[in-house]
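Engineer: Below is my_file09.txt; it holds compact mmCIF, C-alpha atoms and all ligand atoms.
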```txt
# COMPACT_ATOMS: atom_id res chain seq x y z
CA MET A 1 62.92 100.41 98.95
CA LYS A 2 64.01 99.70 95.42
CA LEU A 3 67.77 100.13 95.23
CA SER A 4 69.63 101.01 92.07
CA LYS A 5 70.52 98.17 89.68
CA ARG A 6 74.10 99.32 90.11
CA ILE A 7 74.28 98.49 93.83
CA SER A 8 71.86 95.56 93.77
CA SER A 9 74.33 93.46 91.81
CA VAL A 10 77.27 94.12 94.16
CA PRO A 11 77.99 91.61 96.93
CA PRO A 12 79.61 92.83 100.17
CA SER A 13 83.42 92.60 100.31
CA ALA A 14 84.26 89.08 101.53
CA THR A 15 87.47 90.27 103.17
CA ILE A 16 85.70 92.97 105.15
CA ALA A 17 82.76 90.68 105.99
CA ILE A 18 84.97 87.91 107.40
CA THR A 19 87.26 90.30 109.25
CA MET A 20 84.26 91.97 110.89
CA ARG A 21 82.58 88.63 111.73
CA ALA A 22 85.76 87.32 113.35
CA LYS A 23 86.10 90.52 115.42
CA GLU A 24 82.44 90.26 116.47
CA LEU A 25 82.91 86.65 117.64
CA GLN A 26 86.13 87.55 119.46
CA ASN A 27 84.41 90.50 121.18
CA SER A 28 81.60 88.21 122.31
CA GLY A 29 84.21 86.14 124.12
CA MET A 30 84.67 83.36 121.56
CA ASP A 31 88.23 82.13 121.11
CA VAL A 32 88.45 82.60 117.32
CA VAL A 33 91.85 82.68 115.62
CA SER A 34 91.54 85.22 112.84
CA PHE A 35 93.51 84.82 109.65
CA GLY A 36 90.93 87.08 108.04
CA ALA A 37 92.19 90.57 108.51
CA GLY A 38 94.20 92.13 105.72
CA GLU A 39 95.66 94.60 108.17
CA PRO A 40 98.85 94.74 110.22
CA ASP A 41 98.38 93.67 113.84
CA PHE A 42 100.87 96.40 114.86
CA ASP A 43 99.67 99.76 116.11
CA THR A 44 100.48 102.93 114.15
CA PRO A 45 103.94 104.22 115.22
CA GLN A 46 103.69 106.73 118.07
CA PHE A 47 105.45 109.58 116.24
CA ILE A 48 102.80 109.45 113.50
CA LYS A 49 100.00 109.62 116.05
CA ASP A 50 101.78 112.51 117.80
CA ALA A 51 101.95 114.49 114.55
CA ALA A 52 98.22 114.03 113.93
CA VAL A 53 97.34 114.98 117.51
CA ALA A 54 99.54 118.10 117.28
CA ALA A 55 97.81 119.09 114.02
CA LEU A 56 94.40 118.61 115.60
CA GLN A 57 95.39 120.73 118.60
CA ASP A 58 96.80 123.33 116.24
CA GLY A 59 93.41 123.81 114.58
CA ASP A 60 94.08 121.77 111.45
CA THR A 61 90.37 121.07 111.26
CA LYS A 62 89.30 122.75 108.03
CA TYR A 63 88.57 121.65 104.47
CA GLY A 64 92.02 122.69 103.32
CA PRO A 65 94.40 120.57 105.44
CA LYS A 66 97.45 122.57 106.47
CA SER A 67 99.83 119.76 105.56
CA ALA A 68 98.22 118.86 102.19
CA ALA A 69 100.79 120.55 99.94
CA ALA A 70 103.75 119.30 102.00
CA LEU A 71 102.34 115.76 101.95
CA ARG A 72 102.01 115.75 98.16
CA GLU A 73 105.55 117.10 97.96
CA ALA A 74 106.78 114.33 100.29
CA ILE A 75 105.04 111.69 98.16
CA ALA A 76 106.55 113.11 94.96
CA ALA A 77 109.99 113.07 96.67
CA LYS A 78 109.43 109.45 97.79
CA LEU A 79 108.47 108.47 94.23
CA GLN A 80 111.68 110.05 92.94
CA THR A 81 114.12 108.63 95.45
CA GLU A 82 112.60 105.20 96.15
CA ASN A 83 110.77 104.43 92.90
CA ASN A 84 112.77 106.32 90.28
CA LEU A 85 109.59 108.07 89.10
CA THR A 86 109.36 111.78 88.39
CA TYR A 87 106.12 113.51 89.35
CA THR A 88 105.39 117.04 90.51
CA PRO A 89 103.31 117.36 93.69
CA ASN A 90 100.43 118.42 91.42
CA ASP A 91 100.51 114.98 89.77
CA VAL A 92 99.76 113.35 93.14
CA VAL A 93 96.30 113.04 94.70
CA VAL A 94 95.86 111.97 98.32
CA THR A 95 92.75 109.79 98.68
CA VAL A 96 90.64 108.14 101.38
CA GLY A 97 92.69 104.92 101.23
CA ALA A 98 94.09 103.14 98.19
CA LYS A 99 90.67 101.53 97.78
CA HIS A 100 89.25 105.00 97.12
CA ALA A 101 92.10 105.73 94.69
CA ILE A 102 91.21 102.69 92.57
CA GLU A 103 87.49 103.44 92.78
CA LEU A 104 88.17 107.01 91.59
CA LEU A 105 90.28 105.73 88.71
CA CYS A 106 87.53 103.34 87.59
CA GLN A 107 85.02 106.20 87.59
CA VAL A 108 87.39 108.55 85.75
CA LEU A 109 88.66 106.09 83.14
CA LEU A 110 85.70 103.85 82.28
CA ASP A 111 82.68 104.34 80.08
CA PRO A 112 79.84 101.80 80.07
CA GLY A 113 81.03 98.53 78.58
CA ASP A 114 84.75 99.33 78.79
CA LYS A 115 86.77 96.21 79.46
CA VAL A 116 89.45 95.99 82.15
CA LEU A 117 91.85 93.05 82.33
CA VAL A 118 92.09 91.64 85.85
CA PRO A 119 94.64 88.89 86.54
CA ALA A 120 93.18 86.23 88.84
CA PRO A 121 93.50 85.58 91.72
CA TYR A 122 92.58 89.22 92.28
CA TRP A 123 91.75 91.42 95.23
CA VAL A 124 88.00 91.05 95.78
CA SER A 125 87.17 94.70 95.18
CA TYR A 126 88.65 95.12 91.66
CA PRO A 127 85.84 93.48 89.66
CA GLU A 128 83.17 95.18 91.78
CA MET A 129 84.71 98.63 91.40
CA ILE A 130 84.96 98.10 87.63
CA LYS A 131 81.33 96.97 87.54
CA LEU A 132 80.19 99.96 89.64
CA ALA A 133 81.78 102.24 87.06
CA GLY A 134 79.83 100.49 84.27
CA GLY A 135 82.87 98.58 83.03
CA GLU A 136 83.42 94.89 82.52
CA ALA A 137 86.17 92.89 84.21
CA VAL A 138 87.90 90.44 81.87
CA ILE A 139 89.53 87.85 84.11
CA ILE A 140 92.95 86.55 83.08
CA PRO A 141 93.58 83.37 85.07
CA ALA A 142 96.97 82.59 86.60
CA SER A 143 96.98 79.21 88.28
CA GLY A 144 98.99 77.97 91.23
CA GLU A 145 101.09 75.86 88.83
CA ASN A 146 102.16 79.11 87.13
CA GLY A 147 103.01 80.61 90.51
CA PHE A 148 99.84 82.76 90.27
CA LYS A 149 101.54 84.96 87.67
CA ILE A 150 100.17 85.96 84.27
CA THR A 151 102.37 85.92 81.17
CA PRO A 152 103.04 88.66 78.57
CA GLU A 153 101.32 86.36 76.07
CA GLN A 154 98.11 86.48 78.09
CA ILE A 155 98.19 90.29 77.92
CA ARG A 156 98.69 90.16 74.15
CA GLN A 157 95.84 87.67 73.73
CA ASN A 158 93.33 89.66 75.77
CA ALA A 159 94.24 93.28 75.01
CA ALA A 160 92.12 93.75 71.88
CA GLY A 161 89.20 96.02 72.78
CA ALA A 162 90.27 96.38 76.41
CA LYS A 163 90.90 99.79 77.94
CA ALA A 164 92.98 99.02 81.02
CA ILE A 165 94.65 96.38 83.18
CA ILE A 166 95.06 96.27 86.96
CA LEU A 167 98.34 94.89 88.24
CA ASN A 168 99.03 94.16 91.91
CA SER A 169 102.50 93.07 92.96
CA PRO A 170 103.08 92.02 95.73
CA SER A 171 99.68 90.41 95.45
CA ASN A 172 96.68 90.16 97.66
CA PRO A 173 95.60 87.31 97.98
CA THR A 174 98.53 85.16 96.76
CA GLY A 175 101.52 86.75 98.52
CA VAL A 176 103.36 86.44 95.20
CA THR A 177 105.63 89.21 93.83
CA TYR A 178 106.66 89.52 90.17
CA THR A 179 110.42 89.84 89.63
CA PRO A 180 111.60 93.05 87.89
CA GLU A 181 112.35 90.91 84.79
CA GLU A 182 108.84 89.45 84.73
CA LEU A 183 107.30 92.89 85.19
CA THR A 184 109.51 94.32 82.45
CA ALA A 185 108.22 91.61 80.09
CA LEU A 186 104.62 92.45 81.04
CA GLY A 187 105.45 96.13 80.46
CA GLN A 188 106.76 95.40 76.97
CA ALA A 189 103.57 93.49 76.14
CA VAL A 190 101.51 96.42 77.45
CA LEU A 191 103.49 98.80 75.22
CA GLU A 192 102.41 96.79 72.15
CA THR A 193 98.79 97.62 73.07
CA ASP A 194 96.71 100.69 74.01
CA LEU A 195 96.17 99.51 77.57
CA ILE A 196 96.22 101.92 80.50
CA VAL A 197 97.79 100.35 83.60
CA ILE A 198 96.60 100.77 87.17
CA SER A 199 99.54 99.54 89.25
CA ASP A 200 98.41 98.82 92.81
CA GLU A 201 101.64 98.96 94.84
CA ILE A 202 100.10 99.03 98.32
CA TYR A 203 102.33 96.14 99.53
CA GLU A 204 105.54 97.75 98.23
CA LYS A 205 107.29 97.72 101.61
CA LEU A 206 106.41 94.15 102.50
CA ILE A 207 108.74 91.98 100.43
CA TYR A 208 110.76 88.98 101.58
CA GLY A 209 113.95 87.05 100.91
CA ASP A 210 115.89 88.32 97.91
CA THR A 211 112.72 89.68 96.27
CA LYS A 212 113.12 93.12 94.70
CA PHE A 213 110.33 95.66 94.40
CA THR A 214 110.12 97.84 91.30
CA SER A 215 107.41 100.29 90.40
CA PHE A 216 105.80 99.21 87.15
CA ALA A 217 105.96 102.69 85.59
CA ALA A 218 109.74 102.84 86.19
CA LEU A 219 110.47 99.87 83.93
CA ASP A 220 110.38 101.75 80.62
CA PRO A 221 110.45 105.48 79.88
CA ARG A 222 107.24 105.08 77.86
CA LEU A 223 105.26 103.56 80.74
CA PRO A 224 104.64 106.62 82.98
CA GLU A 225 102.40 108.24 80.37
CA ARG A 226 100.02 105.28 80.47
CA THR A 227 100.38 104.12 84.08
CA ILE A 228 98.73 105.32 87.26
CA THR A 229 100.57 104.24 90.39
CA VAL A 230 98.43 103.59 93.48
CA ASN A 231 99.84 103.27 96.97
CA GLY A 232 98.99 104.19 100.55
CA LEU A 233 99.88 104.07 104.21
CA SER A 234 97.56 101.32 105.47
CA LYS A 235 99.91 98.38 105.10
CA SER A 236 103.38 99.94 105.23
CA PHE A 237 102.84 102.14 108.29
CA ALA A 238 100.08 100.11 110.00
CA MET A 239 97.52 102.87 109.35
CA THR A 240 94.48 100.97 108.03
CA GLY A 241 92.00 102.95 110.12
CA TRP A 242 93.40 106.32 109.05
CA ARG A 243 92.07 105.81 105.51
CA LEU A 244 94.92 107.39 103.60
CA GLY A 245 96.12 106.41 100.16
CA TRP A 246 97.29 108.19 97.06
CA LEU A 247 97.79 107.95 93.34
CA ALA A 248 100.19 109.52 90.86
CA GLY A 249 99.86 109.64 87.10
CA PRO A 250 99.45 111.61 83.88
CA SER A 251 98.01 115.09 84.38
CA ASP A 252 94.77 114.52 82.43
CA VAL A 253 93.85 111.56 84.64
CA ILE A 254 94.88 113.49 87.74
CA GLY A 255 92.70 116.42 86.62
CA GLY A 256 89.69 114.09 86.28
CA VAL A 257 90.34 112.52 89.68
CA LYS A 258 90.56 115.95 91.33
CA ARG A 259 87.30 117.07 89.70
CA LEU A 260 85.49 113.94 90.82
CA MET A 261 86.87 114.16 94.34
CA SER A 262 85.81 117.81 94.61
CA HIS A 263 82.19 116.63 94.37
CA GLN A 264 82.68 113.52 96.41
CA THR A 265 84.93 113.38 99.49
CA THR A 266 86.63 116.81 99.07
CA ASN A 267 89.76 115.81 101.04
CA PRO A 268 90.82 112.97 103.26
CA VAL A 269 90.71 113.91 106.97
CA SER A 270 92.80 117.04 107.60
CA PHE A 271 94.82 116.05 110.67
CA ALA A 272 95.33 112.49 109.40
CA GLN A 273 97.34 114.02 106.56
CA ALA A 274 99.70 115.55 109.12
CA GLY A 275 100.31 112.01 110.42
CA ALA A 276 101.01 110.81 106.87
CA LEU A 277 103.46 113.65 106.35
CA ALA A 278 105.37 112.56 109.45
CA ALA A 279 105.34 108.94 108.23
CA TYR A 280 107.03 109.92 104.96
CA THR A 281 109.47 112.53 106.29
CA ASP A 282 110.57 111.38 109.77
CA PRO A 283 113.57 109.01 109.60
CA ARG A 284 111.97 106.82 112.28
CA GLY A 285 109.38 105.80 109.63
CA ALA A 286 111.75 103.66 107.57
CA GLU A 287 113.20 102.00 110.69
CA ILE A 288 109.83 100.96 112.04
CA VAL A 289 108.58 99.77 108.64
CA GLU A 290 111.70 97.57 108.41
CA GLN A 291 111.08 96.08 111.88
CA MET A 292 107.51 95.20 110.90
CA ARG A 293 108.70 93.77 107.57
CA GLN A 294 111.18 91.48 109.33
CA GLU A 295 108.50 90.20 111.65
CA PHE A 296 106.12 89.52 108.75
CA GLU A 297 108.90 87.71 106.91
CA LYS A 298 109.48 85.29 109.81
CA ARG A 299 105.76 84.63 110.08
CA GLY A 300 105.39 84.08 106.33
CA ILE A 301 108.14 81.43 106.32
CA HIS A 302 106.68 79.74 109.37
CA ILE A 303 103.04 79.62 108.27
CA ALA A 304 103.88 78.31 104.78
CA GLN A 305 106.03 75.54 106.29
CA ARG A 306 103.35 74.56 108.74
CA LEU A 307 100.58 74.57 106.12
CA ASN A 308 102.63 72.47 103.71
CA ALA A 309 103.03 69.88 106.46
CA ILE A 310 99.25 69.28 106.44
CA GLU A 311 98.15 66.44 104.18
CA GLY A 312 96.39 67.75 101.05
CA VAL A 313 97.48 71.37 101.50
CA GLN A 314 99.84 73.06 99.04
CA CYS A 315 101.16 76.49 99.83
CA ILE A 316 103.50 78.78 97.88
CA GLN A 317 106.08 80.51 100.09
CA PRO A 318 105.04 84.21 100.09
CA THR A 319 107.49 86.73 98.66
CA GLY A 320 105.40 89.75 99.60
CA ALA A 321 102.31 91.16 101.38
CA PHE A 322 101.08 89.21 104.41
CA TYR A 323 98.99 86.50 102.85
CA VAL A 324 99.31 82.84 102.00
CA PHE A 325 96.88 81.28 99.56
CA PRO A 326 97.09 77.50 99.98
CA ASP A 327 95.37 75.07 97.62
CA ILE A 328 93.07 72.92 99.74
CA SER A 329 91.12 71.37 96.88
CA ALA A 330 92.37 67.87 97.77
CA HIS A 331 89.82 68.03 100.59
CA PHE A 332 86.85 68.79 98.35
CA GLY A 333 84.30 65.98 98.39
CA ARG A 334 84.93 65.18 102.05
CA THR A 335 82.32 65.67 104.78
CA LEU A 336 83.63 67.69 107.73
CA HIS A 337 81.47 68.20 110.82
CA GLY A 338 78.45 67.09 108.84
CA VAL A 339 79.05 69.50 105.95
CA GLU A 340 79.96 68.26 102.49
CA ILE A 341 82.90 70.35 101.29
CA THR A 342 82.21 71.31 97.68
CA GLY A 343 84.48 74.34 97.51
CA SER A 344 86.32 77.07 99.39
CA MET A 345 83.12 78.68 100.71
CA ASP A 346 82.09 75.49 102.53
CA LEU A 347 85.56 75.02 103.93
CA ALA A 348 85.76 78.60 105.22
CA LYS A 349 82.32 78.21 106.81
CA VAL A 350 83.17 74.96 108.62
CA ALA A 351 86.55 76.40 109.63
CA LEU A 352 84.86 79.32 111.36
CA GLU A 353 81.88 77.54 112.85
CA SER A 354 83.44 74.26 113.91
CA ALA A 355 87.17 74.90 114.22
CA LYS A 356 87.03 78.58 115.27
CA ILE A 357 89.46 79.80 112.61
CA ALA A 358 88.58 82.70 110.31
CA VAL A 359 89.97 82.29 106.79
CA VAL A 360 88.74 83.94 103.60
CA PRO A 361 87.48 81.56 100.88
CA GLY A 362 89.32 81.76 97.57
CA ALA A 363 86.13 81.99 95.47
CA PRO A 364 85.65 85.77 95.81
CA PHE A 365 89.31 86.18 94.77
CA GLY A 366 88.62 84.17 91.62
CA GLU A 367 90.24 80.86 92.71
CA ASP A 368 87.95 78.41 94.42
CA LYS A 369 90.68 75.80 95.04
CA CYS A 370 92.31 78.00 97.67
CA ILE A 371 91.71 79.80 100.94
CA ARG A 372 93.47 82.97 102.07
CA LEU A 373 95.17 83.25 105.42
CA SER A 374 96.55 86.59 106.55
CA PHE A 375 99.65 86.19 108.70
CA ALA A 376 99.34 89.67 110.14
CA THR A 377 98.89 88.03 113.51
CA SER A 378 101.26 86.74 116.21
CA MET A 379 103.32 83.54 115.92
CA ASP A 380 101.32 82.07 118.81
CA GLN A 381 98.06 82.72 117.01
CA ILE A 382 99.52 81.31 113.79
CA ASP A 383 100.50 78.09 115.56
CA LYS A 384 97.20 77.81 117.37
CA GLY A 385 95.19 78.44 114.18
CA VAL A 386 97.24 76.06 112.02
CA ASP A 387 96.91 73.36 114.71
CA ARG A 388 93.15 73.79 114.48
CA LEU A 389 93.18 73.66 110.68
CA ALA A 390 95.36 70.52 110.75
CA GLU A 391 92.92 68.89 113.14
CA LEU A 392 89.94 69.91 111.01
CA LEU A 393 91.52 68.50 107.85
CA GLY A 394 93.15 65.51 109.59
N1 LIG B 1 94.76 97.17 97.19
C1 LIG B 1 94.94 95.96 97.74
C2 LIG B 1 95.55 94.90 96.93
C3 LIG B 1 94.58 95.73 99.07
O1 LIG B 1 94.78 94.54 99.61
C4 LIG B 1 93.98 96.75 99.80
C5 LIG B 1 93.54 96.38 101.18
N2 LIG B 1 92.90 97.16 101.93
C6 LIG B 1 93.82 98.01 99.18
C7 LIG B 1 94.22 98.17 97.87
C8 LIG B 1 93.19 99.18 99.86
O2 LIG B 1 93.85 99.60 100.99
P1 LIG B 1 93.45 100.93 101.74
O3 LIG B 1 92.17 101.40 101.19
O4 LIG B 1 93.38 100.57 103.17
O5 LIG B 1 94.56 101.90 101.47
N1 LIG B 2 92.62 94.69 101.71
C1 LIG B 2 92.47 94.00 102.96
C2 LIG B 2 92.02 92.58 102.73
O1 LIG B 2 92.00 92.14 101.62
C3 LIG B 2 91.55 94.76 103.89
C4 LIG B 2 90.10 94.62 103.62
C5 LIG B 2 89.71 95.30 102.34
O2 LIG B 2 89.87 96.52 102.25
O3 LIG B 2 89.27 94.56 101.47
O4 LIG B 2 91.71 91.89 103.66
```
Any chance you could give the structure as structure tokens?
Structural biologist:
Amino acid sequence: MKLSKRISSVPPSATIAITMRAKELQNSGMDVVSFGAGEPDFDTPQFIKDAAVAALQDGDTKYGPKSAAALREAIAAKLQTENNLTYTPNDVVVTVGAKHAIELLCQVLLDPGDKVLVPAPYWVSYPEMIKLAGGEAVIIPASGENGFKITPEQIRQNAAGAKAIILNSPSNPTGVTYTPEELTALGQAVLETDLIVISDEIYEKLIYGDTKFTSFAALDPRLPERTITVNGLSKSFAMTGWRLGWLAGPSDVIGGVKRLMSHQTTNPVSFAQAGALAAYTDPRGAEIVEQMRQEFEKRGIHIAQRLNAIEGVQCIQPTGAFYVFPDISAHFGRTLHGVEITGSMDLAKVALESAKIAVVPGAPFGEDKCIRLSFATSMDQIDKGVDRLAELLG
């Protein structure tokens, strides 16, 4: 059948493809170490599951989820107390994951040909979602030498004619977090332009060392009127499969998002929202998130140290999220297991097929010199996988 031009030009998500392939190989009995999955290896906390089960048993099975209003209120309260941002519950929309929130925003904000600035390395889905909405992604490169961070000057240079910018700190795939000072400087550059900002704060809770998290919109009183904050429960509460995210922003954008959603997904799953409400309101939530954060922090330090000990591998110590994005380009030009390594795609392929380690190539994130390893896996698996990588590259 002839598919639409729109979908024909969209490749599958590399992160999802590799995660699924690694799971398939593991399920078939192959001993693959997966650094692919961008999802916590922890299970959702029991009290959250209990709340969803109770809602299901209580008949919360209709279009209008019983907990929807309370959940939006809890998110608005969280934004006030934790992020210093003032929104009414009506300025919050709960979506089918943060991915859906960004997709909705692209559809609501972009007309054909509208340009969106995307700092690279970027999460694989941003350029595709922009393209699906008819827009054009304008890539702003931030190299490893610059700590994978863009500068205010780069915003100034690229803003003419652009409608929006997507910021993501802590970052997938780099594991890098902007300091509040750096973000403030980006915010000031944005304020000199007409740019709308989509601030993807999904890794808010996963920050390490003395890193501080600040919501972008909170950095200047003029920013909330041009910023939409995106967040969700997947990463912070280990709820990837629940498909729950949200966004908060100016009421005209929120109105557009609600209209679009009313023709599209209607609501996220009713009883899942009861679980999300428990996550945000039960004091056990913060405790468990902190335990997971501490574990990720230890793993992040360990994996970066181990990777840096491999000849020809350079890895920035992550300050957030659960990814490292080492530069492996010193190995390009070599032949490994009969394959000439010309870039990150070849390396990721050989790593999976010959060394049984799943890593995501950097190319679909906009940086071919690197590969992404998720450290949302146990210390034992990290050691086993890095041993294999060291042997492969040795
Ligand atoms: N933004 C970033 C940067 C991500 O890594 C992810 C990963 N899934 C998402 C958004 C979407 O998350 P979800 O849809 O599971 O809420
Ligand atoms: N965001 C995660 C990742 O980058 C999960 C997969 C996805 O949604 O892309 O691996």
Engineer: Quick one: residues within 9 Å of ligand LIG 2 (chain B), with only C-alpha atoms and all ligand atoms, as a list in words?
Structural biologist: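 Checked against 9 Å with only C-alpha atoms and all ligand atoms; the hits are Ser13, Ala14, Thr15, Ile16, Ala17, Ile18, Thr19, Gly36, Ala37, Gly38, Glu39, Gly97, Ala98, Lys99, Trp123, Val124, Ser125, Asn172, Pro173, Lys235, Thr240, Val360 and Ser374 of chain A.
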Engineer: Can I get the selected residues back with C-alpha atoms, as an mmCIF file, keeping the file's coordinate frame?
Structural biologist:
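part_13.cif written:
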```cif
data_model
loop_
_atom_site.group_PDB
_atom_site.id
_atom_site.type_symbol
_atom_site.label_atom_id
_atom_site.label_comp_id
_atom_site.auth_asym_id
_atom_site.auth_seq_id
_atom_site.Cartn_x
_atom_site.Cartn_y
_atom_site.Cartn_z
ATOM 1 C CA SER A 13 83.420 92.600 100.310
ATOM 2 C CA ALA A 14 84.260 89.080 101.530
ATOM 3 C CA THR A 15 87.470 90.270 103.170
ATOM 4 C CA ILE A 16 85.700 92.970 105.150
ATOM 5 C CA ALA A 17 82.760 90.680 105.990
ATOM 6 C CA ILE A 18 84.970 87.910 107.400
ATOM 7 C CA THR A 19 87.260 90.300 109.250
ATOM 8 C CA GLY A 36 90.930 87.080 108.040
ATOM 9 C CA ALA A 37 92.190 90.570 108.510
ATOM 10 C CA GLY A 38 94.200 92.130 105.720
ATOM 11 C CA GLU A 39 95.660 94.600 108.170
ATOM 12 C CA GLY A 97 92.690 104.920 101.230
ATOM 13 C CA ALA A 98 94.090 103.140 98.190
ATOM 14 C CA LYS A 99 90.670 101.530 97.780
ATOM 15 C CA TRP A 123 91.750 91.420 95.230
ATOM 16 C CA VAL A 124 88.000 91.050 95.780
ATOM 17 C CA SER A 125 87.170 94.700 95.180
ATOM 18 C CA ASN A 172 96.680 90.160 97.660
ATOM 19 C CA PRO A 173 95.600 87.310 97.980
ATOM 20 C CA LYS A 235 99.910 98.380 105.100
ATOM 21 C CA THR A 240 94.480 100.970 108.030
ATOM 22 C CA VAL A 360 88.740 83.940 103.600
ATOM 23 C CA SER A 374 96.550 86.590 106.550
#
```
Engineer: Per residue of chain A within 10 Å of ligand LIG 1 (chain B), which atom pair is closest and at what distance in Å (one decimal), using all atoms listed in the file, listed by chain and increasing number, as JSON lines?
Structural biologist:
```
{"residue": "A:Thr15", "atom": "CA", "partner": "B:LIG1", "partner_atom": "C5", "distance": 8.8}
{"residue": "A:Ile16", "atom": "CA", "partner": "B:LIG1", "partner_atom": "N2", "distance": 8.9}
{"residue": "A:Ala37", "atom": "CA", "partner": "B:LIG1", "partner_atom": "N2", "distance": 9.3}
{"residue": "A:Gly38", "atom": "CA", "partner": "B:LIG1", "partner_atom": "C5", "distance": 6.3}
{"residue": "A:Glu39", "atom": "CA", "partner": "B:LIG1", "partner_atom": "N2", "distance": 7.3}
{"residue": "A:Thr95", "atom": "CA", "partner": "B:LIG1", "partner_atom": "O5", "distance": 8.6}
{"residue": "A:Val96", "atom": "CA", "partner": "B:LIG1", "partner_atom": "O3", "distance": 6.9}
{"residue": "A:Gly97", "atom": "CA", "partner": "B:LIG1", "partner_atom": "O3", "distance": 3.6}
{"residue": "A:Ala98", "atom": "CA", "partner": "B:LIG1", "partner_atom": "O5", "distance": 3.5}
{"residue": "A:Lys99", "atom": "CA", "partner": "B:LIG1", "partner_atom": "O3", "distance": 3.7}
{"residue": "A:His100", "atom": "CA", "partner": "B:LIG1", "partner_atom": "O3", "distance": 6.2}
{"residue": "A:Ala101", "atom": "CA", "partner": "B:LIG1", "partner_atom": "O3", "distance": 7.8}
{"residue": "A:Ile102", "atom": "CA", "partner": "B:LIG1", "partner_atom": "C7", "distance": 7.6}
{"residue": "A:Glu103", "atom": "CA", "partner": "B:LIG1", "partner_atom": "O3", "distance": 9.8}
{"residue": "A:Tyr122", "atom": "CA", "partner": "B:LIG1", "partner_atom": "C2", "distance": 7.9}
{"residue": "A:Trp123", "atom": "CA", "partner": "B:LIG1", "partner_atom": "C2", "distance": 5.4}
{"residue": "A:Val124", "atom": "CA", "partner": "B:LIG1", "partner_atom": "O1", "distance": 8.5}
{"residue": "A:Ser125", "atom": "CA", "partner": "B:LIG1", "partner_atom": "N1", "distance": 8.2}
{"residue": "A:Tyr126", "atom": "CA", "partner": "B:LIG1", "partner_atom": "N1", "distance": 8.5}
{"residue": "A:Leu167", "atom": "CA", "partner": "B:LIG1", "partner_atom": "C2", "distance": 9.1}
{"residue": "A:Asn168", "atom": "CA", "partner": "B:LIG1", "partner_atom": "C2", "distance": 6.2}
{"residue": "A:Ser169", "atom": "CA", "partner": "B:LIG1", "partner_atom": "C2", "distance": 8.2}
{"residue": "A:Pro170", "atom": "CA", "partner": "B:LIG1", "partner_atom": "C2", "distance": 8.2}
{"residue": "A:Ser171", "atom": "CA", "partner": "B:LIG1", "partner_atom": "C2", "distance": 6.3}
{"residue": "A:Asn172", "atom": "CA", "partner": "B:LIG1", "partner_atom": "C2", "distance": 4.9}
{"residue": "A:Pro173", "atom": "CA", "partner": "B:LIG1", "partner_atom": "O1", "distance": 7.5}
{"residue": "A:Ser199", "atom": "CA", "partner": "B:LIG1", "partner_atom": "N1", "distance": 9.6}
{"residue": "A:Asp200", "atom": "CA", "partner": "B:LIG1", "partner_atom": "N1", "distance": 5.9}
{"residue": "A:Glu201", "atom": "CA", "partner": "B:LIG1", "partner_atom": "N1", "distance": 7.5}
{"residue": "A:Ile202", "atom": "CA", "partner": "B:LIG1", "partner_atom": "N1", "distance": 5.8}
{"residue": "A:Tyr203", "atom": "CA", "partner": "B:LIG1", "partner_atom": "C2", "distance": 7.4}
{"residue": "A:Val230", "atom": "CA", "partner": "B:LIG1", "partner_atom": "C7", "distance": 8.1}
{"residue": "A:Asn231", "atom": "CA", "partner": "B:LIG1", "partner_atom": "O5", "distance": 7.1}
{"residue": "A:Gly232", "atom": "CA", "partner": "B:LIG1", "partner_atom": "O5", "distance": 5.1}
{"residue": "A:Leu233", "atom": "CA", "partner": "B:LIG1", "partner_atom": "O5", "distance": 6.4}
{"residue": "A:Ser234", "atom": "CA", "partner": "B:LIG1", "partner_atom": "O4", "distance": 4.8}
{"residue": "A:Lys235", "atom": "CA", "partner": "B:LIG1", "partner_atom": "O4", "distance": 7.2}
{"residue": "A:Ser236", "atom": "CA", "partner": "B:LIG1", "partner_atom": "O5", "distance": 9.8}
{"residue": "A:Ala238", "atom": "CA", "partner": "B:LIG1", "partner_atom": "O4", "distance": 9.6}
{"residue": "A:Met239", "atom": "CA", "partner": "B:LIG1", "partner_atom": "O4", "distance": 7.8}
{"residue": "A:Thr240", "atom": "CA", "partner": "B:LIG1", "partner_atom": "O4", "distance": 5.0}
{"residue": "A:Gly241", "atom": "CA", "partner": "B:LIG1", "partner_atom": "O4", "distance": 7.5}
{"residue": "A:Trp242", "atom": "CA", "partner": "B:LIG1", "partner_atom": "O4", "distance": 8.2}
{"residue": "A:Arg243", "atom": "CA", "partner": "B:LIG1", "partner_atom": "O4", "distance": 5.9}
{"residue": "A:Leu244", "atom": "CA", "partner": "B:LIG1", "partner_atom": "O5", "distance": 5.9}
{"residue": "A:Gly245", "atom": "CA", "partner": "B:LIG1", "partner_atom": "O5", "distance": 4.9}
{"residue": "A:Trp246", "atom": "CA", "partner": "B:LIG1", "partner_atom": "O5", "distance": 8.2}
{"residue": "A:Ala321", "atom": "CA", "partner": "B:LIG1", "partner_atom": "O1", "distance": 8.4}
{"residue": "A:Phe322", "atom": "CA", "partner": "B:LIG1", "partner_atom": "O1", "distance": 9.5}
{"residue": "A:Tyr323", "atom": "CA", "partner": "B:LIG1", "partner_atom": "O1", "distance": 9.6}
```
Engineer: Skipping near chain neighbours, those fewer than 4 positions away, what residues fall within 9 Å of A:Val350 using all atoms listed in the file, listed as number ranges by chain?
Structural biologist: A: 336-337, 339, 341, 345-346, 354-357, 392
Engineer: Select, counting all atoms listed in the file, all protein, DNA and RNA residues no farther than 12 Å from (105.4, 81.9, 119.4) in file coordinates, and express the selection as an MDAnalysis selection string.
Structural biologist: chainID A and resid 295 298:299 302:303 377:385
